[in-house]
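*Asks:* Following this message is one structure expressed as structure tokens.
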Amino acid sequence: MLIAGFPAGAWGTNCYLVAPAAGEECVIIDPGHQAAQGVEETLKKHRLKPVAVVLTHGHIDHVASVVPVCGAHDVPAWIHPSDRYMMSDPEKALGRSIGMPLMGELTVGEPDDVHELTDGARLALAGLELTVSHAPGHTKGSVTFGMPEAADVPPVFFSGDLLFAGSVGRTDLPGGDMAEMLESLARVCLPLDDSTVVLSGHGPQTTIGRERATNPYLREVAAGQGASPAPRRGM
């Protein structure tokens, strides 16, 4: 399996390209602010052909390049219906202006072809199987994507802004809810095997085992208690 990722734009949002191997079809996850060039460079480097863009949630730092990337390759985008409005109205999703100079660099709106994600769906794309888990807390429409263990690769979990190395996504923006965040952590993350590689929306990769042992939110959820605030990434 090939997973190529890079941090993009002003918020350092991780964009991932996933394929069975170099030279094959791929899925693009979360092409955010100023990600289009990095996507094209990664496609060329690994000789990949995109078949879809899939989105962990609708915040502008994760979807800002969806329109140009989908348009350049004539592929659909997948997003949960609760977050779909954010592609066309990013400032409403943040409850504040993100700044006119920055907005001037963005192509706001939906690509021509949008599909909606549902909890438990299994997406068969580019020779891959992605399992969708609805995981509200950061936004109402946040989702994660899981990939099963392969012959030479442990399970992979694209956590978006649900789970980070040492922390979780913020819950103080419209649609955020700490109680929902904790429920999502318990329902979606705790059942995963410790060997599962976590590729999040911001920051370095980690594993479920490491987070189970060290992440204060996951530790306290596992203990059946609430978590105390800690520094969080994302918009």
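How things are named: the first chain in the structure tokens is A, the next is B, and so on; residues count from 1 in each chain; ligands count from 1 in the order shown.
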For Thr118 of chain A, work out the shell of residues within 8 Å, counting only C-alpha atoms and skipping chain neighbours fewer than 2 positions away, then give it as a PyMOL selection string.

*Replies:* chain A and resi 80+116+120-121+132-134

*Asks:* Need the shell around Pro7 of chain A: protein/DNA/RNA residues with any atom at most 9 Å away, counting only C-alpha atoms. Skip same-chain ones fewer than 6 positions apart. Format as a VMD selection string?

*Replies:* chain A and resid 13 to 16 35 38 201 to 203

*Asks:* Taking the chain letters and numbering used in this document, name the residues of segment 46-219 of chain A that DSSP puts in helix (DSSP H, G or I), as a ChimeraX atom specification.

*Replies:* /A:46,60-63,66-73,81-87,90-94,100-103,178-189,208-214,216-219

*Asks:* For Thr196 of chain A, which residue among A:Pro148, A:Pro216, A:Gly175, A:Gly166 is the nearest when counting only C-alpha atoms?

*Replies:*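 Counting only C-alpha atoms, the residue closest to Thr196 of chain A is A:Pro148.
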
*Asks:* Could you give me the residues within segment 29-196 of chain A that DSSP places in strand (DSSP E or B), as a PyMOL selection string?

*Replies:* chain A and resi 29+49-54+77-79+114-116+122-125+128-134+143-147+156-160+163-164+167-168

*Asks:* Would you kindly return, as a PyMOL selection string, each protein, DNA or RNA residue with an atom no farther than 8 Å from any atom of Ala21 of chain A, considering only C-alpha atoms and excluding same-chain residues fewer than 2 positions away?

*Replies:* chain A and resi 1-2+19+23-24

*Asks:* Include C-alpha atoms and write out the residues we just selected as a short mmCIF file (atom, residue, chain, number, x, y, z; two decimals), in the first residue's frame.

*Replies:*
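Written output follows (selection_17.cif):
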```
data_model
loop_
_atom_site.label_atom_id
_atom_site.label_comp_id
_atom_site.auth_asym_id
_atom_site.auth_seq_id
_atom_site.Cartn_x
_atom_site.Cartn_y
_atom_site.Cartn_z
CA MET A 1 0.00 0.00 0.00
CA LEU A 2 1.08 3.56 -0.70
CA ALA A 19 -3.35 3.82 -3.35
CA GLY A 23 1.28 3.70 -10.62
CA GLU A 24 -2.32 2.87 -9.66
#
```
